[in-house]
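For reference, the structure is listed below as structure tokens.
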2 protein chains.
Amino acid sequence: MTTIRDVAERAGVGIGTVSRVLNGSQGVSNRTRERVERAIAALGYRPSPAARALSRGRASTIAVTAPFLTRPSVVERIRGVVAGLDASEYDLSLATVETPEQRQRRIVGLCQRDRADGAILISIPPTPDELETLRTVGVPVVVVDAVTEGLPCITIDNILGGRMATEHLLELGHTRIAFLGDAPDARFAFTSSDDRRAGYLAALADAGVDADPDLVVSGEHSREAAAELAGRLLDRPAPPTAIFTASDTQALGVLEAARARDLEVPGQLSVVGFDDIEIASFVGLTTVRQPLYETGRRAAELLLAVLEGTGPRTGARIDIPLTLVPRLTTGRPRTRATRRRPAH
Amino acid sequence: MTTIRDVAERAGVGIGTVSRVLNGSQGVSNRTRERVERAIAALGYRPSPAARALSRGRASTIAVTAPFLTRPSVVERIRGVVAGLDASEYDLSLATVETPEQRQRRIVGLCQRDRADGAILISIPPTPDELETLRTVGVPVVVVDAVTEGLPCITIDNILGGRMATEHLLELGHTRIAFLGDAPDARFAFTSSDDRRAGYLAALADAGVDADPDLVVSGEHSREAAAELAGRLLDRPAPPTAIFTASDTQALGVLEAARARDLEVPGQLSVVGFDDIEIASFVGLTTVRQPLYETGRRAAELLLAVLEGTGPRTGARIDIPLTLVPRLTTGRPRTRATRRRPAH
DNA sequence: GCGTAGGTTGGAACCGCTTCCATTTGGAAG
DNA sequence: CTTCCAAATGGAAGCGGTTCCAACCTACGC
């Protein structure tokens, strides 16, 4: 393995000079610089990242932490981060957390100044404890798809998103609208499903429609669980005419349940999802679009800015706009369904 | 930042002893070990990864290189790798390559002994040049979804897979079977699509069915491109009664094209995909299943074994078995279609 | 011709850990 | 109470960079 000393010797200069050339520091004459560059090329020299990290006290690595690589939305965000980091000199260290211990381990791991220079937390807001630790150590962090007081966050207005979906259904004439979301997860403080539900409830209230608590259900975030849940909803004596789900994945589950019951969509059941994952357009799913890739990319750019000294270290909150994408799974309710709602 | 020296001082021992405790080396009395452990806990000490890496000459990092995070199959493999690495002490450094320069940069990057201790190459077989470099430096590499002479590979028999899909269609009575695959990509030497086509041709030949060269098409690996391609296939005067695609993603495109033409599936058109990605079951897509997650996990385990000294450094090739999963997109061809084939 | 400021340059010190070697310690055996 | 061996321990050296300071040029102004 060739070291900086080999290069120095070959170029007939001191190691300090080689280092200066490597880092583009000024104070090196052109002639010397060229000589050194030639030596570097001739030797095929590449500086050792570890030695650099140790000496500079920074790792040139950014840690990305995310839950569940099974979720298309998370993957799409990571894609954005990868893209945003691509042109930079930073490596990307990926870790997923699926259990509290992993989470702990990972966050603590961030607190070694020379393991990662910064971190992007996807969908995992740190607990107050963890936040405190992070702050003490001073690792810059950007949070995506979650809000954490005092940290820059790239997020969306989930409440608004919930409203948008629900209002779309209300405008079509639905009144028996169900909400199918994530069960509260003790392990992680995910809030987006809850917020979307809040938006749903608010929209109903604004429209003067009584929310039927029986139409609000939640379960594991998966197609299968959603199908099961939706099935029970649809098998009720007074089934909903529309279902708004906290994610596209769950919307697919709802569609499965409808299909299993030979229900026409949107004739007998309208479905609205959330996220606009890739497959949504294939399925023709009406959904609330959030620019997933974009959030990842912007998070990376923001973190890079912070690391460069520009950019906010605290509290900036970037809200990414949402769009309702009407496709084929929503339409006016059948009269039969409308009849069900007693006019009082 | 607390260092090993702080710990040593606090525990009243030498730094060597602390290091020994940290690494679980023997030669430390129980009493001393406990004292050191107490000091470590009290100080909240965590060793610096960079210093460790420099001193040990290894980085405790494994580099994962993959193309296109847009492909579900790639993501699923990465998931497997993440899982396989989870219990280990290794960090995972992720890079995607979408252009030849990125590829070059990345592979060269691997050649710094203390950046990564090993690498997993997903779907990207190194070129002979790159292979030579890798070998010279001695970084252990495991290749997934590609075959590289002299490197351990986790792969599947793509030719067989192509056969399986085609034979399934032949058994159902199809004879006008099209193949829709990837266009040869100059940037990467992907071969799986070609191999699957080879299997398709072989199966046809074995069945005594003449392959119609017009029924073999290829294009960019995307749903949209596949839909376009399939459209042209279906708009022919003598359209195929079945289409076998090199991936599920492309099969979805075919289904879109069929839907756009109001063709019944499988009544008027049978479709077989490849991979069995998550969404395949939702769509009811008949496909050739390969355990994507599994390949990633096994690659990680294999690499870990190599790093530990057990495990082959060269040429072992692990073939993962395939399964045909018949679902709803394949069936007997309509007579109309069968009639088209002249019996000579 | 000489002092001097500014541009170059060399290399020691240091980053925090592992490792190896020399030294100390603790006992068991004689 | 020695003697001796193995176990335990301390710490210097070294990993390969960066950085800072001192030393060395060089050319310019007087």
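Going through the structure tokens in order, the chains are called A, B, and so on, while each chain numbers its residues from 1 and the ligands are numbered from 1 in the order shown.
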Determine, counting only C-alpha atoms (C1' of nucleotides), which protein, DNA and RNA residues have an atom within 6 Å of an atom of region 17-30 of chain D; residues of the same chain fewer than 6 positions away are not included. Present the result as a PyMOL selection string. chain A and resi 51-52+55
Let's have the selection written as an mmCIF file, in the first residue's frame, with N, CA, C and O atoms.
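Dumped everything to result_17.cif:
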data_model
loop_
_atom_site.group_PDB
_atom_site.id
_atom_site.type_symbol
_atom_site.label_atom_id
_atom_site.label_comp_id
_atom_site.auth_asym_id
_atom_site.auth_seq_id
_atom_site.Cartn_x
_atom_site.Cartn_y
_atom_site.Cartn_z
ATOM 1 N N ALA A 51 -7.212 7.146 8.003
ATOM 2 C CA ALA A 51 -6.205 8.070 8.514
ATOM 3 C C ALA A 51 -6.725 9.495 8.430
ATOM 4 O O ALA A 51 -6.569 10.301 9.347
ATOM 5 N N ARG A 52 -7.349 9.783 7.327
ATOM 6 C CA ARG A 52 -7.950 11.103 7.154
ATOM 7 C C ARG A 52 -8.962 11.387 8.232
ATOM 8 O O ARG A 52 -8.971 12.450 8.845
ATOM 9 N N SER A 55 -7.354 11.963 11.568
ATOM 10 C CA SER A 55 -6.596 13.196 11.641
ATOM 11 C C SER A 55 -7.500 14.440 11.593
ATOM 12 O O SER A 55 -7.290 15.393 12.325
#
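Per DSSP on the backbone, strand (DSSP E) in region 17-137 of chain A comprises Thr61, Ile62, Ala63, Val64, Thr65, Ala66, Pro67, Asp91, Leu92, Ser93, Leu94, Ala95, Thr96, Val97, Gly118, Ala119, Ile120, Leu121 and Ile122 of chain A.
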Generate a file of the selected residues that holds N, CA, C and O atoms, formatted as a PDB file, in the first residue's frame.
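File produced: again_10.pdb:
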ATOM      1  N   THR A  61     -18.647  10.726   6.181  1.00  0.00           N
ATOM      2  CA  THR A  61     -19.721   9.748   6.062  1.00  0.00           C
ATOM      3  C   THR A  61     -21.001  10.352   6.634  1.00  0.00           C
ATOM      4  O   THR A  61     -20.961  11.080   7.609  1.00  0.00           O
ATOM      5  N   ILE A  62     -22.088  10.024   6.003  1.00  0.00           N
ATOM      6  CA  ILE A  62     -23.367  10.468   6.524  1.00  0.00           C
ATOM      7  C   ILE A  62     -24.198   9.237   6.816  1.00  0.00           C
ATOM      8  O   ILE A  62     -24.299   8.325   5.995  1.00  0.00           O
ATOM      9  N   ALA A  63     -24.752   9.218   7.988  1.00  0.00           N
ATOM     10  CA  ALA A  63     -25.527   8.062   8.411  1.00  0.00           C
ATOM     11  C   ALA A  63     -26.998   8.267   8.081  1.00  0.00           C
ATOM     12  O   ALA A  63     -27.560   9.317   8.378  1.00  0.00           O
ATOM     13  N   VAL A  64     -27.571   7.283   7.464  1.00  0.00           N
ATOM     14  CA  VAL A  64     -28.990   7.341   7.160  1.00  0.00           C
ATOM     15  C   VAL A  64     -29.688   6.236   7.944  1.00  0.00           C
ATOM     16  O   VAL A  64     -29.294   5.077   7.864  1.00  0.00           O
ATOM     17  N   THR A  65     -30.660   6.627   8.692  1.00  0.00           N
ATOM     18  CA  THR A  65     -31.358   5.655   9.510  1.00  0.00           C
ATOM     19  C   THR A  65     -32.829   5.655   9.138  1.00  0.00           C
ATOM     20  O   THR A  65     -33.460   6.701   9.083  1.00  0.00           O
ATOM     21  N   ALA A  66     -33.332   4.498   8.871  1.00  0.00           N
ATOM     22  CA  ALA A  66     -34.719   4.402   8.438  1.00  0.00           C
ATOM     23  C   ALA A  66     -35.332   3.118   8.977  1.00  0.00           C
ATOM     24  O   ALA A  66     -34.626   2.158   9.255  1.00  0.00           O
ATOM     25  N   PRO A  67     -36.637   3.099   9.110  1.00  0.00           N
ATOM     26  CA  PRO A  67     -37.298   1.858   9.511  1.00  0.00           C
ATOM     27  C   PRO A  67     -37.697   1.117   8.248  1.00  0.00           C
ATOM     28  O   PRO A  67     -37.836   1.728   7.194  1.00  0.00           O
ATOM     29  N   ASP A  91     -19.639   9.458   1.999  1.00  0.00           N
ATOM     30  CA  ASP A  91     -20.172   8.111   1.868  1.00  0.00           C
ATOM     31  C   ASP A  91     -21.486   8.046   2.613  1.00  0.00           C
ATOM     32  O   ASP A  91     -21.737   8.848   3.504  1.00  0.00           O
ATOM     33  N   LEU A  92     -22.269   7.065   2.257  1.00  0.00           N
ATOM     34  CA  LEU A  92     -23.554   6.948   2.937  1.00  0.00           C
ATOM     35  C   LEU A  92     -23.597   5.626   3.669  1.00  0.00           C
ATOM     36  O   LEU A  92     -23.410   4.554   3.090  1.00  0.00           O
ATOM     37  N   SER A  93     -23.820   5.725   4.953  1.00  0.00           N
ATOM     38  CA  SER A  93     -23.897   4.541   5.780  1.00  0.00           C
ATOM     39  C   SER A  93     -25.358   4.293   6.136  1.00  0.00           C
ATOM     40  O   SER A  93     -26.017   5.147   6.723  1.00  0.00           O
ATOM     41  N   LEU A  94     -25.837   3.139   5.745  1.00  0.00           N
ATOM     42  CA  LEU A  94     -27.275   2.872   5.910  1.00  0.00           C
ATOM     43  C   LEU A  94     -27.538   1.900   7.044  1.00  0.00           C
ATOM     44  O   LEU A  94     -26.880   0.872   7.161  1.00  0.00           O
ATOM     45  N   ALA A  95     -28.511   2.238   7.844  1.00  0.00           N
ATOM     46  CA  ALA A  95     -28.933   1.304   8.875  1.00  0.00           C
ATOM     47  C   ALA A  95     -30.439   1.348   8.992  1.00  0.00           C
ATOM     48  O   ALA A  95     -31.050   2.406   8.847  1.00  0.00           O
ATOM     49  N   THR A  96     -31.030   0.224   9.210  1.00  0.00           N
ATOM     50  CA  THR A  96     -32.463   0.213   9.426  1.00  0.00           C
ATOM     51  C   THR A  96     -32.720  -0.155  10.877  1.00  0.00           C
ATOM     52  O   THR A  96     -31.934  -0.872  11.491  1.00  0.00           O
ATOM     53  N   VAL A  97     -33.778   0.358  11.396  1.00  0.00           N
ATOM     54  CA  VAL A  97     -34.144  -0.012  12.756  1.00  0.00           C
ATOM     55  C   VAL A  97     -35.538  -0.596  12.736  1.00  0.00           C
ATOM     56  O   VAL A  97     -36.442  -0.045  12.152  1.00  0.00           O
ATOM     57  N   GLY A 118     -22.761  13.539   9.997  1.00  0.00           N
ATOM     58  CA  GLY A 118     -24.114  14.040  10.059  1.00  0.00           C
ATOM     59  C   GLY A 118     -25.058  12.877   9.870  1.00  0.00           C
ATOM     60  O   GLY A 118     -24.634  11.786   9.503  1.00  0.00           O
ATOM     61  N   ALA A 119     -26.327  13.105  10.154  1.00  0.00           N
ATOM     62  CA  ALA A 119     -27.268  12.002  10.059  1.00  0.00           C
ATOM     63  C   ALA A 119     -28.587  12.455   9.473  1.00  0.00           C
ATOM     64  O   ALA A 119     -28.998  13.597   9.638  1.00  0.00           O
ATOM     65  N   ILE A 120     -29.196  11.551   8.769  1.00  0.00           N
ATOM     66  CA  ILE A 120     -30.539  11.783   8.264  1.00  0.00           C
ATOM     67  C   ILE A 120     -31.425  10.708   8.865  1.00  0.00           C
ATOM     68  O   ILE A 120     -31.165   9.511   8.709  1.00  0.00           O
ATOM     69  N   LEU A 121     -32.407  11.163   9.584  1.00  0.00           N
ATOM     70  CA  LEU A 121     -33.328  10.238  10.240  1.00  0.00           C
ATOM     71  C   LEU A 121     -34.627  10.227   9.459  1.00  0.00           C
ATOM     72  O   LEU A 121     -35.329  11.232   9.371  1.00  0.00           O
ATOM     73  N   ILE A 122     -34.934   9.082   8.884  1.00  0.00           N
ATOM     74  CA  ILE A 122     -36.148   8.991   8.091  1.00  0.00           C
ATOM     75  C   ILE A 122     -37.272   8.372   8.910  1.00  0.00           C
ATOM     76  O   ILE A 122     -37.153   7.240   9.372  1.00  0.00           O
TER      77      ILE A 122
END
Quick one: which chain B residues come within 8 Å of chain D, and what is the nearest atom pair for each with the distance in Å to one decimal, counting only C-alpha atoms (C1' of nucleotides), rows ordered by chain and ascending number, as JSON lines?
{"residue": "B:Val13", "atom": "CA", "partner": "D:DG10", "partner_atom": "C1'", "distance": 7.8}
{"residue": "B:Gly14", "atom": "CA", "partner": "D:DG10", "partner_atom": "C1'", "distance": 5.3}
{"residue": "B:Ile15", "atom": "CA", "partner": "D:DG11", "partner_atom": "C1'", "distance": 7.5}
{"residue": "B:Gly16", "atom": "CA", "partner": "D:DG10", "partner_atom": "C1'", "distance": 6.9}
{"residue": "B:Thr17", "atom": "CA", "partner": "D:DT9", "partner_atom": "C1'", "distance": 6.9}
{"residue": "B:Gly27", "atom": "CA", "partner": "D:DA8", "partner_atom": "C1'", "distance": 6.2}
{"residue": "B:Val28", "atom": "CA", "partner": "D:DA8", "partner_atom": "C1'", "distance": 6.2}
{"residue": "B:Ser29", "atom": "CA", "partner": "D:DA8", "partner_atom": "C1'", "distance": 6.9}
{"residue": "B:Leu54", "atom": "CA", "partner": "D:DC15", "partner_atom": "C1'", "distance": 5.3}
{"residue": "B:Ser55", "atom": "CA", "partner": "D:DC15", "partner_atom": "C1'", "distance": 4.7}
{"residue": "B:Arg56", "atom": "CA", "partner": "D:DC15", "partner_atom": "C1'", "distance": 7.5}
{"residue": "B:Gly57", "atom": "CA", "partner": "D:DC15", "partner_atom": "C1'", "distance": 7.3}
Residues from last step as file, C-alpha atoms, as a PDB file, in the first residue's frame:
ATOM      1  CA  VAL B  13      -4.574   0.933  34.571  1.00  0.00           C
ATOM      2  CA  GLY B  14      -2.558   1.268  31.387  1.00  0.00           C
ATOM      3  CA  ILE B  15      -4.086   1.936  28.004  1.00  0.00           C
ATOM      4  CA  GLY B  16      -2.996  -1.461  26.803  1.00  0.00           C
ATOM      5  CA  THR B  17      -5.157  -3.069  29.400  1.00  0.00           C
ATOM      6  CA  GLY B  27      -4.758 -11.865  29.539  1.00  0.00           C
ATOM      7  CA  VAL B  28      -6.742  -9.580  31.792  1.00  0.00           C
ATOM      8  CA  SER B  29      -7.623 -10.601  35.319  1.00  0.00           C
ATOM      9  CA  LEU B  54      -6.455   3.082  11.107  1.00  0.00           C
ATOM     10  CA  SER B  55      -4.778   1.022  13.730  1.00  0.00           C
ATOM     11  CA  ARG B  56      -6.246  -2.299  12.727  1.00  0.00           C
ATOM     12  CA  GLY B  57      -6.050  -1.634   9.056  1.00  0.00           C
TER      13      GLY B  57
END
Find the spatial neighbours of Thr287 (chain B), counting only C-alpha atoms (C1' of nucleotides), within a cut-off of 10 Å - ignore same-chain residues fewer than 4 positions away - and output them as a ChimeraX atom specification. /B:161,164-165,244-248,251,271-277,280-281,323-330
With N, CA, C and O atoms retained, write the just-selected residues as a short mmCIF file (atom, residue, chain, number, x, y, z; two decimals), in the first residue's frame.
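This went into result33.cif:
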data_model
loop_
_atom_site.label_atom_id
_atom_site.label_comp_id
_atom_site.auth_asym_id
_atom_site.auth_seq_id
_atom_site.Cartn_x
_atom_site.Cartn_y
_atom_site.Cartn_z
N GLY B 161 -34.94 -20.50 -15.67
CA GLY B 161 -36.12 -19.69 -15.37
C GLY B 161 -36.88 -19.36 -16.64
O GLY B 161 -38.12 -19.44 -16.68
N MET B 164 -38.72 -22.40 -17.66
CA MET B 164 -39.88 -22.70 -16.81
C MET B 164 -41.08 -21.88 -17.23
O MET B 164 -42.20 -22.39 -17.37
N ALA B 165 -40.84 -20.59 -17.41
CA ALA B 165 -41.94 -19.71 -17.80
C ALA B 165 -42.52 -20.15 -19.14
O ALA B 165 -43.75 -20.26 -19.31
N PHE B 244 -44.01 -13.43 -22.29
CA PHE B 244 -43.15 -13.71 -21.13
C PHE B 244 -42.18 -12.54 -21.03
O PHE B 244 -41.53 -12.18 -22.01
N THR B 245 -42.11 -11.94 -19.88
CA THR B 245 -41.24 -10.77 -19.73
C THR B 245 -40.07 -11.09 -18.82
O THR B 245 -40.13 -12.00 -17.99
N ALA B 246 -39.01 -10.32 -18.98
CA ALA B 246 -37.79 -10.58 -18.22
C ALA B 246 -37.90 -10.10 -16.77
O ALA B 246 -37.01 -10.35 -15.97
N SER B 247 -38.99 -9.43 -16.45
CA SER B 247 -39.16 -9.00 -15.05
C SER B 247 -40.62 -8.69 -14.78
O SER B 247 -41.40 -8.46 -15.70
N ASP B 248 -40.97 -8.69 -13.52
CA ASP B 248 -42.34 -8.37 -13.14
C ASP B 248 -42.69 -6.94 -13.50
O ASP B 248 -43.81 -6.64 -13.91
N ALA B 251 -43.72 -6.94 -16.82
CA ALA B 251 -45.00 -7.63 -16.96
C ALA B 251 -46.14 -6.67 -16.63
O ALA B 251 -47.20 -6.70 -17.28
N VAL B 271 -49.81 -13.66 -19.46
CA VAL B 271 -48.59 -12.92 -19.13
C VAL B 271 -47.83 -13.64 -18.02
O VAL B 271 -48.42 -14.03 -17.01
N VAL B 272 -46.55 -13.81 -18.23
CA VAL B 272 -45.69 -14.38 -17.18
C VAL B 272 -44.55 -13.41 -16.91
O VAL B 272 -43.90 -12.94 -17.83
N GLY B 273 -44.34 -13.12 -15.65
CA GLY B 273 -43.25 -12.21 -15.28
C GLY B 273 -42.07 -12.98 -14.72
O GLY B 273 -41.96 -14.20 -14.86
N PHE B 274 -41.20 -12.26 -14.04
CA PHE B 274 -40.04 -12.89 -13.44
C PHE B 274 -39.65 -12.09 -12.21
O PHE B 274 -39.58 -10.86 -12.28
N ASP B 275 -39.40 -12.78 -11.13
CA ASP B 275 -38.90 -12.22 -9.87
C ASP B 275 -39.83 -12.49 -8.70
O ASP B 275 -39.39 -12.81 -7.61
N ASP B 276 -41.12 -12.30 -8.94
CA ASP B 276 -42.10 -12.33 -7.85
C ASP B 276 -41.84 -11.21 -6.84
O ASP B 276 -41.59 -11.47 -5.67
N ILE B 277 -41.89 -10.01 -7.32
CA ILE B 277 -41.78 -8.87 -6.41
C ILE B 277 -43.07 -8.75 -5.62
O ILE B 277 -44.07 -9.40 -5.95
N ALA B 280 -46.56 -8.48 -7.15
CA ALA B 280 -47.01 -9.52 -8.07
C ALA B 280 -48.22 -10.26 -7.53
O ALA B 280 -49.17 -10.55 -8.26
N SER B 281 -48.20 -10.54 -6.26
CA SER B 281 -49.32 -11.29 -5.69
C SER B 281 -50.59 -10.45 -5.70
O SER B 281 -51.69 -10.95 -5.91
N THR B 323 -38.95 -21.05 -8.59
CA THR B 323 -40.26 -21.69 -8.56
C THR B 323 -41.19 -20.96 -9.51
O THR B 323 -41.20 -19.73 -9.53
N LEU B 324 -41.97 -21.70 -10.24
CA LEU B 324 -42.98 -21.04 -11.03
C LEU B 324 -44.21 -20.84 -10.15
O LEU B 324 -44.68 -21.79 -9.52
N VAL B 325 -44.68 -19.62 -10.08
CA VAL B 325 -45.87 -19.34 -9.28
C VAL B 325 -47.02 -19.02 -10.23
O VAL B 325 -47.11 -17.93 -10.75
N PRO B 326 -47.89 -20.00 -10.46
CA PRO B 326 -49.00 -19.75 -11.37
C PRO B 326 -50.06 -18.95 -10.64
O PRO B 326 -50.43 -19.29 -9.52
N ARG B 327 -50.47 -17.85 -11.24
CA ARG B 327 -51.54 -17.08 -10.61
C ARG B 327 -52.62 -16.81 -11.64
O ARG B 327 -53.04 -17.74 -12.35
N LEU B 328 -53.05 -15.61 -11.78
CA LEU B 328 -54.25 -15.37 -12.59
C LEU B 328 -53.99 -14.84 -13.99
O LEU B 328 -54.92 -14.68 -14.76
N THR B 329 -52.74 -14.58 -14.33
CA THR B 329 -52.52 -13.96 -15.64
C THR B 329 -52.17 -14.97 -16.73
O THR B 329 -51.80 -14.58 -17.83
N THR B 330 -52.27 -16.23 -16.40
CA THR B 330 -52.02 -17.23 -17.44
C THR B 330 -53.16 -18.23 -17.52
O THR B 330 -53.75 -18.60 -16.49
#
Calculated over only C-alpha atoms (C1' of nucleotides), which of the candidates C:DT23, C:DC17, C:DA29, C:DT9 has the smallest distance to chain B?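 Among the listed residues, C:DC17 lies closest to chain B.
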Give me the residues of chain C that have any atom at most 9 Å from an atom of chain A; for each, the nearest atom pair and the distance in Å, rounded to one decimal. Use only C-alpha atoms (C1' of nucleotides), sort by chain and number, and format it as a Markdown table.
| residue | atom | partner | partner_atom | distance |
| --- | --- | --- | --- | --- |
| C:DG7 | C1' | A:Gly27 | CA | 7.0 |
| C:DT8 | C1' | A:Gly27 | CA | 6.5 |
| C:DT9 | C1' | A:Thr17 | CA | 7.0 |
| C:DG10 | C1' | A:Gly14 | CA | 5.3 |
| C:DG11 | C1' | A:Gly14 | CA | 7.1 |
| C:DC14 | C1' | A:Ser55 | CA | 8.1 |
| C:DC15 | C1' | A:Ser55 | CA | 4.7 |
| C:DG16 | C1' | A:Leu54 | CA | 7.5 |
Find the spatial neighbours of region 173-189 of chain B, counting only C-alpha atoms (C1' of nucleotides), within a cut-off of 8 Å - ignore same-chain residues fewer than 6 positions away - and output them as a ChimeraX atom specification. /B:99-100,124-125,166,197,200,209,212,215-221,226,229-230,239-247,250,332-333,338,341
Create the file for the chosen residues now, containing N, CA and C atoms and written as a JSON list (two decimals), in the first residue's frame.
[["chain", "number", "residue", "atom", "x", "y", "z"],
["B", 99, "THR", "N", -24.19, 5.27, -13.79],
["B", 99, "THR", "CA", -23.39, 5.65, -14.94],
["B", 99, "THR", "C", -22.04, 4.95, -14.84],
["B", 100, "PRO", "N", -21.36, 4.82, -15.97],
["B", 100, "PRO", "CA", -20.06, 4.16, -15.96],
["B", 100, "PRO", "C", -19.05, 4.87, -15.05],
["B", 124, "ILE", "N", -24.06, -6.22, -10.62],
["B", 124, "ILE", "CA", -23.01, -5.53, -11.36],
["B", 124, "ILE", "C", -21.75, -6.36, -11.40],
["B", 125, "PRO", "N", -21.62, -7.24, -12.35],
["B", 125, "PRO", "CA", -20.39, -8.01, -12.43],
["B", 125, "PRO", "C", -19.25, -7.08, -12.79],
["B", 166, "THR", "N", -41.64, -20.41, -20.07],
["B", 166, "THR", "CA", -42.08, -20.73, -21.41],
["B", 166, "THR", "C", -42.80, -22.08, -21.45],
["B", 197, "ARG", "N", -34.09, -15.08, -22.07],
["B", 197, "ARG", "CA", -34.52, -15.23, -23.46],
["B", 197, "ARG", "C", -33.97, -16.54, -24.04],
["B", 200, "TYR", "N", -36.06, -19.25, -22.94],
["B", 200, "TYR", "CA", -37.32, -19.17, -23.70],
["B", 200, "TYR", "C", -37.16, -19.83, -25.06],
["B", 209, "VAL", "N", -41.61, -25.80, -31.47],
["B", 209, "VAL", "CA", -42.33, -24.60, -31.92],
["B", 209, "VAL", "C", -41.34, -23.65, -32.56],
["B", 212, "ASP", "N", -40.72, -17.11, -33.54],
["B", 212, "ASP", "CA", -40.90, -16.01, -34.48],
["B", 212, "ASP", "C", -40.05, -14.83, -34.01],
["B", 215, "LEU", "N", -41.45, -11.78, -32.52],
["B", 215, "LEU", "CA", -42.07, -11.81, -31.19],
["B", 215, "LEU", "C", -41.05, -11.62, -30.07],
["B", 216, "VAL", "N", -39.83, -11.36, -30.43],
["B", 216, "VAL", "CA", -38.81, -11.11, -29.41],
["B", 216, "VAL", "C", -38.45, -9.62, -29.45],
["B", 217, "VAL", "N", -38.81, -8.93, -28.40],
["B", 217, "VAL", "CA", -38.56, -7.49, -28.39],
["B", 217, "VAL", "C", -37.85, -7.10, -27.09],
["B", 218, "SER", "N", -37.23, -5.95, -27.13],
["B", 218, "SER", "CA", -36.56, -5.50, -25.92],
["B", 218, "SER", "C", -36.51, -3.98, -25.86],
["B", 219, "GLY", "N", -36.38, -3.47, -24.67],
["B", 219, "GLY", "CA", -36.33, -2.01, -24.48],
["B", 219, "GLY", "C", -35.85, -1.71, -23.09],
["B", 220, "GLU", "N", -35.96, -0.50, -22.74],
["B", 220, "GLU", "CA", -35.55, -0.04, -21.41],
["B", 220, "GLU", "C", -36.33, -0.80, -20.34],
["B", 221, "HIS", "N", -35.67, -1.04, -19.23],
["B", 221, "HIS", "CA", -36.30, -1.80, -18.15],
["B", 221, "HIS", "C", -37.23, -0.91, -17.34],
["B", 226, "ALA", "N", -42.10, -1.00, -21.34],
["B", 226, "ALA", "CA", -42.66, -2.32, -21.60],
["B", 226, "ALA", "C", -44.08, -2.19, -22.14],
["B", 229, "LEU", "N", -43.83, -1.24, -25.77],
["B", 229, "LEU", "CA", -43.36, -2.38, -26.55],
["B", 229, "LEU", "C", -44.47, -3.42, -26.72],
["B", 230, "ALA", "N", -45.12, -3.70, -25.61],
["B", 230, "ALA", "CA", -46.19, -4.70, -25.64],
["B", 230, "ALA", "C", -47.32, -4.21, -26.55],
["B", 239, "PRO", "N", -50.91, -11.13, -33.48],
["B", 239, "PRO", "CA", -50.35, -10.88, -32.15],
["B", 239, "PRO", "C", -50.08, -12.18, -31.40],
["B", 240, "PRO", "N", -49.23, -12.12, -30.41],
["B", 240, "PRO", "CA", -48.97, -13.31, -29.60],
["B", 240, "PRO", "C", -50.17, -13.59, -28.69],
["B", 241, "THR", "N", -50.27, -14.81, -28.24],
["B", 241, "THR", "CA", -51.33, -15.12, -27.27],
["B", 241, "THR", "C", -50.78, -15.09, -25.85],
["B", 242, "ALA", "N", -49.46, -14.98, -25.77],
["B", 242, "ALA", "CA", -48.83, -14.93, -24.44],
["B", 242, "ALA", "C", -47.55, -14.14, -24.53],
["B", 243, "ILE", "N", -47.24, -13.46, -23.45],
["B", 243, "ILE", "CA", -45.99, -12.73, -23.39],
["B", 243, "ILE", "C", -45.25, -13.09, -22.10],
["B", 244, "PHE", "N", -44.01, -13.43, -22.29],
["B", 244, "PHE", "CA", -43.15, -13.71, -21.13],
["B", 244, "PHE", "C", -42.18, -12.54, -21.03],
["B", 245, "THR", "N", -42.11, -11.94, -19.88],
["B", 245, "THR", "CA", -41.24, -10.77, -19.73],
["B", 245, "THR", "C", -40.07, -11.09, -18.82],
["B", 246, "ALA", "N", -39.01, -10.32, -18.98],
["B", 246, "ALA", "CA", -37.79, -10.58, -18.22],
["B", 246, "ALA", "C", -37.90, -10.10, -16.77],
["B", 247, "SER", "N", -38.99, -9.43, -16.45],
["B", 247, "SER", "CA", -39.16, -9.00, -15.05],
["B", 247, "SER", "C", -40.62, -8.69, -14.78],
["B", 250, "GLN", "N", -41.76, -5.25, -15.97],
["B", 250, "GLN", "CA", -42.14, -5.20, -17.38],
["B", 250, "GLN", "C", -43.47, -5.90, -17.61],
["B", 332, "ARG", "N", -55.37, -20.99, -20.72],
["B", 332, "ARG", "CA", -55.35, -21.55, -22.07],
["B", 332, "ARG", "C", -55.65, -20.44, -23.08],
["B", 333, "PRO", "N", -55.04, -20.54, -24.22],
["B", 333, "PRO", "CA", -55.34, -19.54, -25.24],
["B", 333, "PRO", "C", -56.74, -19.79, -25.82],
["B", 338, "THR", "N", -55.30, -19.86, -31.22],
["B", 338, "THR", "CA", -54.68, -21.10, -31.63],
["B", 338, "THR", "C", -54.78, -21.28, -33.14],
["B", 341, "ARG", "N", -52.05, -20.24, -35.65],
["B", 341, "ARG", "CA", -50.84, -20.98, -35.95],
["B", 341, "ARG", "C", -51.14, -22.03, -37.00]]
Residues of chain B within 9 Å of chain A, counting only C-alpha atoms - could you list those as number ranges by chain? B: 1, 46-55, 57-59, 61, 68-70, 72, 75-76, 78-79, 82-83, 86, 91-96, 109, 111-115, 137, 223, 252-253, 256, 279, 282-283
